[in-house]
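Asker: Sharing a structure with you now.
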Amino acid sequence: MATWQPLPGEICLARSPGTFATGTADAVAGMRWFRDTERNDIQNELAGWPEGPVFTVRSKSERRARATRAFGVRAAALAVLGAVETLAAAGSVGNAPRGTGRSHDRENEVDDFPVLWAGPGTVARTLPWQLDPGRCPEGYRTHIVVTDRRVLVIGFPDDDTTRDEVLWQTERDGIADVDRRTFTKVGLEAVITFTDRSWCRLAPPSPNDHWEIVRHLAYASEVVTPEELTPGQKEKVAAFMAEHPSSRSVVTLRPSGNFTIEVTSASGPDPHEGSNPRLRLMGPDGEHVNFKPGDL
């Protein structure tokens, strides 16, 4: 095995750690389910999947008890730190964390938490079991790769990307919609809907993982070749790349009309770079422009 590489003529746009998401609301915190369109549990029907944990939505009394225990732990920790009054004044005591956003899909985020929604024979049922944190072997990692042609799931053990293996792939035009979700403790998750209307909910393994794959999935990235760049853009790209010697760049046209320059490698952006991707925005003539919806 070796580090995954795109096909000749194919351009890798993003590579980021990714797994099935995990519930945030009290009733489903730490849980996830695999459902058909009738909301039946189908994890035992998924071909080749090993057995995994079985979850049950918490009752109201269990949620109250859990909230009480969580409050006690937080209060004790704050007392030790001598910061109870300060944080209480800021509203931090007695409020269990709910992530960075508000739920806009109670049925699938608060009352239930499916990470796979798939009728028989649909694309979502073909996703690899290694994406499930409850099944994935210890030390094994999964990355989501987005190219100008495909979306892939790559797996490898022990942080060793030289042992990459392709676990799953689909054509880029097999994805109908990507919905960014912020009701999560990791900052950003994505519900990816395929053209057959099956879907999955994916997330980065930790809040420290930058998730540039969402930008390339949510809006189709139109790659601009060096020959298509204007003189001003060529100058901007050259200046930017002078800051990153021994690298290569990919320029994409965004839905806003702006352009992005990204530093990348043959196998895509470094998935270990964290939250500071090497990216620059420019206009049609290479001029400075402000971010607009769809740029990121």
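Residue numbers start at 1 in each chain; chains themselves are named A, B, ... in the order of the structure tokens; ligands are numbered from 1 in the order shown.
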Please identify all polymer residues within 12 Å of segment 288-292 of chain A, counting only C-alpha atoms, omitting same-chain residues fewer than 2 positions from it, and present them as a PyMOL selection string.
Answerer: chain A and resi 232-233+236+254-260+280-286+294-296
Asker: Extract, using only C-alpha atoms, all DNA, RNA and protein residues at most 12 Å from Arg106 of chain A, discarding same-chain residues fewer than 5 positions from it, and format them as a compact mmCIF listing (two decimals) with N, CA and C atoms, in the first residue's frame.
Answerer:
```txt
# COMPACT_ATOMS: atom_id res chain seq x y z
N GLY A 23 -24.59 11.98 18.60
CA GLY A 23 -25.64 12.85 19.14
C GLY A 23 -25.14 13.82 20.18
N THR A 24 -25.82 14.97 20.25
CA THR A 24 -25.47 16.03 21.19
C THR A 24 -26.55 16.26 22.24
N ALA A 25 -27.82 16.24 21.85
CA ALA A 25 -28.92 16.49 22.79
C ALA A 25 -28.94 15.43 23.88
N ALA A 27 -31.11 13.42 25.16
CA ALA A 27 -31.76 12.13 24.91
C ALA A 27 -30.90 11.21 24.06
N VAL A 28 -30.01 11.78 23.24
CA VAL A 28 -29.24 10.97 22.29
C VAL A 28 -27.73 11.22 22.38
N ASP A 111 -34.83 14.13 19.18
CA ASP A 111 -35.63 12.95 19.53
C ASP A 111 -35.00 11.65 19.04
N ASP A 112 -34.22 11.73 18.00
CA ASP A 112 -33.55 10.57 17.40
C ASP A 112 -32.27 11.13 16.76
N PHE A 113 -31.33 10.26 16.46
CA PHE A 113 -30.11 10.75 15.83
C PHE A 113 -29.60 9.74 14.79
N PRO A 114 -30.30 9.65 13.65
CA PRO A 114 -29.80 8.77 12.59
C PRO A 114 -28.59 9.39 11.90
N PHE A 183 -25.51 22.09 15.16
CA PHE A 183 -25.95 21.59 16.46
C PHE A 183 -25.09 20.39 16.81
```
Asker: Which of these, A:Asp173, A:Asp132, A:Val166, A:Val110, has the shortest distance to Ala29 of chain A once you count only C-alpha atoms?
Answerer: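 Checking each of A:Asp173, A:Asp132, A:Val166, A:Val110 against Ala29 of chain A, counting only C-alpha atoms, the winner is A:Val110.
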Asker: Do you know which residues are at most 7 Å from segment 208-216 of chain A counting only C-alpha atoms, after dropping those on the same chain fewer than 4 positions away, and could you put them as an MDAnalysis selection string?
Answerer: chainID A and resid 14:16 146 204 220:221 274:275 296
Asker: Go ahead and write the selection's residues with C-alpha atoms as an mmCIF file, in the first residue's frame.
Answerer:
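Written out: out.cif:
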```cif
data_model
loop_
_atom_site.group_PDB
_atom_site.id
_atom_site.type_symbol
_atom_site.label_atom_id
_atom_site.label_comp_id
_atom_site.auth_asym_id
_atom_site.auth_seq_id
_atom_site.Cartn_x
_atom_site.Cartn_y
_atom_site.Cartn_z
ATOM 1 C CA ALA A 14 -9.600 18.273 0.007
ATOM 2 C CA ARG A 15 -8.728 15.486 2.413
ATOM 3 C CA SER A 16 -9.982 15.614 5.996
ATOM 4 C CA VAL A 146 -13.004 15.155 -2.419
ATOM 5 C CA PRO A 204 -14.732 15.499 12.082
ATOM 6 C CA ALA A 220 -19.261 22.232 -6.600
ATOM 7 C CA SER A 221 -15.722 23.521 -7.078
ATOM 8 C CA GLY A 274 -5.545 21.752 11.814
ATOM 9 C CA SER A 275 -7.647 24.910 11.606
ATOM 10 C CA LEU A 296 -15.991 28.857 2.452
#
```
Asker: Which value, in Å to one decimal, gives the distance between atom CA of Ile144 of chain A and atom CA of Ala238 of chain A?
Answerer: 29.1 Å
Asker: Run DSSP on the backbone of this structure and report the residues of segment 47-263 of chain A it assigns to helix (DSSP H, G or I), as a PDB file with C-alpha atoms, in the first residue's frame.
Answerer:
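The resulting states_4.pdb:
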```pdb
ATOM      1  CA  LYS A  60     -37.105  11.984  30.461  1.00  0.00           C
ATOM      2  CA  SER A  61     -36.173  10.746  33.945  1.00  0.00           C
ATOM      3  CA  GLU A  62     -32.810   9.502  32.679  1.00  0.00           C
ATOM      4  CA  ARG A  63     -32.186  12.865  31.030  1.00  0.00           C
ATOM      5  CA  ARG A  64     -32.989  14.705  34.282  1.00  0.00           C
ATOM      6  CA  ALA A  65     -30.684  12.426  36.269  1.00  0.00           C
ATOM      7  CA  ARG A  66     -27.935  12.854  33.699  1.00  0.00           C
ATOM      8  CA  ALA A  67     -28.324  16.642  33.774  1.00  0.00           C
ATOM      9  CA  THR A  68     -28.194  16.608  37.588  1.00  0.00           C
ATOM     10  CA  ARG A  69     -25.000  14.533  37.617  1.00  0.00           C
ATOM     11  CA  ALA A  70     -23.443  16.761  34.980  1.00  0.00           C
ATOM     12  CA  PHE A  71     -24.341  19.831  37.009  1.00  0.00           C
ATOM     13  CA  GLY A  72     -22.723  18.344  40.133  1.00  0.00           C
ATOM     14  CA  VAL A  73     -19.516  17.501  38.293  1.00  0.00           C
ATOM     15  CA  ARG A  74     -19.298  20.964  36.759  1.00  0.00           C
ATOM     16  CA  ALA A  75     -20.057  22.703  40.049  1.00  0.00           C
ATOM     17  CA  ALA A  76     -17.392  20.695  41.888  1.00  0.00           C
ATOM     18  CA  ALA A  77     -14.810  21.434  39.242  1.00  0.00           C
ATOM     19  CA  LEU A  78     -15.622  25.126  39.292  1.00  0.00           C
ATOM     20  CA  ALA A  79     -15.427  25.217  43.080  1.00  0.00           C
ATOM     21  CA  VAL A  80     -11.964  23.705  42.975  1.00  0.00           C
ATOM     22  CA  LEU A  81     -10.932  26.309  40.450  1.00  0.00           C
ATOM     23  CA  VAL A  84     -17.985  29.438  40.359  1.00  0.00           C
ATOM     24  CA  GLU A  85     -19.326  32.938  40.791  1.00  0.00           C
ATOM     25  CA  THR A  86     -17.553  34.320  37.766  1.00  0.00           C
ATOM     26  CA  LEU A  87     -18.789  31.630  35.446  1.00  0.00           C
ATOM     27  CA  ALA A  88     -22.296  31.592  36.912  1.00  0.00           C
ATOM     28  CA  ALA A  89     -22.592  35.267  36.130  1.00  0.00           C
ATOM     29  CA  ARG A 106     -35.648  18.135  16.201  1.00  0.00           C
ATOM     30  CA  GLU A 107     -36.818  14.822  14.754  1.00  0.00           C
ATOM     31  CA  ASN A 108     -33.291  13.828  13.671  1.00  0.00           C
ATOM     32  CA  GLU A 109     -31.144  15.727  16.185  1.00  0.00           C
ATOM     33  CA  VAL A 123     -26.083   4.439  -1.939  1.00  0.00           C
ATOM     34  CA  ALA A 124     -25.906   5.254   1.760  1.00  0.00           C
ATOM     35  CA  ARG A 125     -26.133   1.529   2.594  1.00  0.00           C
ATOM     36  CA  THR A 126     -22.820   0.977   0.813  1.00  0.00           C
ATOM     37  CA  TRP A 129     -18.501   0.389   8.636  1.00  0.00           C
ATOM     38  CA  GLN A 130     -15.090   1.845   9.506  1.00  0.00           C
ATOM     39  CA  LEU A 131     -16.757   5.295   9.593  1.00  0.00           C
ATOM     40  CA  THR A 161      -1.169   7.324   5.439  1.00  0.00           C
ATOM     41  CA  THR A 162       1.389   5.310   3.486  1.00  0.00           C
ATOM     42  CA  ARG A 163      -0.944   2.395   4.238  1.00  0.00           C
ATOM     43  CA  ARG A 172     -19.115  13.661  -7.477  1.00  0.00           C
ATOM     44  CA  ASP A 173     -22.405  14.093  -9.329  1.00  0.00           C
ATOM     45  CA  GLY A 174     -23.903  11.303  -7.195  1.00  0.00           C
ATOM     46  CA  ILE A 213     -14.234  19.058   2.604  1.00  0.00           C
ATOM     47  CA  VAL A 214     -17.591  20.680   3.403  1.00  0.00           C
ATOM     48  CA  ARG A 215     -16.758  23.712   1.269  1.00  0.00           C
ATOM     49  CA  HIS A 216     -15.975  21.546  -1.749  1.00  0.00           C
ATOM     50  CA  LEU A 217     -19.012  19.313  -1.182  1.00  0.00           C
ATOM     51  CA  ALA A 218     -21.578  22.013  -0.430  1.00  0.00           C
ATOM     52  CA  PRO A 226      -3.285  28.108 -15.147  1.00  0.00           C
ATOM     53  CA  GLU A 227      -4.032  28.934 -18.771  1.00  0.00           C
ATOM     54  CA  GLU A 228      -7.433  30.346 -17.800  1.00  0.00           C
ATOM     55  CA  PRO A 231      -2.576  38.279 -15.717  1.00  0.00           C
ATOM     56  CA  GLY A 232      -3.531  39.722 -12.328  1.00  0.00           C
ATOM     57  CA  GLN A 233      -4.541  36.317 -11.019  1.00  0.00           C
ATOM     58  CA  LYS A 234      -1.307  34.742 -12.229  1.00  0.00           C
ATOM     59  CA  GLU A 235       0.637  37.402 -10.354  1.00  0.00           C
ATOM     60  CA  LYS A 236      -1.409  36.812  -7.185  1.00  0.00           C
ATOM     61  CA  VAL A 237      -0.919  33.041  -7.413  1.00  0.00           C
ATOM     62  CA  ALA A 238       2.840  33.438  -7.953  1.00  0.00           C
ATOM     63  CA  ALA A 239       3.149  35.739  -4.930  1.00  0.00           C
ATOM     64  CA  PHE A 240       1.112  33.378  -2.770  1.00  0.00           C
ATOM     65  CA  MET A 241       3.082  30.328  -3.823  1.00  0.00           C
ATOM     66  CA  ALA A 242       6.350  32.136  -3.092  1.00  0.00           C
TER      67      ALA A 242
END
```
Asker: Would you mind writing down, as a VMD selection string, each residue of segment 161-203 of chain A that DSSP on the backbone assigns to strand (DSSP E)?
Answerer: chain A and resid 165 to 171 175 to 181 189 to 194 199 to 203
Asker: In Å, with one decimal, what is the gap from atom CA of Arg278 of chain A to atom CA of Thr182 of chain A?
Answerer: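 If I compute the distance from atom CA of Arg278 of chain A to atom CA of Thr182 of chain A, I get 23.5 Å.
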Asker: Of the residues A:Thr170, A:Thr19, A:Thr252, A:Thr142, which is the one nearest to Val191 of chain A, using only C-alpha atoms?
Answerer: A:Thr19
Asker: I'd like to know which of A:Lys185, A:Leu127, A:Arg197, A:Glu51 is closest to Trp168 of chain A, using only C-alpha atoms.
Answerer: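 Using only C-alpha atoms, Trp168 of chain A sits closest to A:Leu127.
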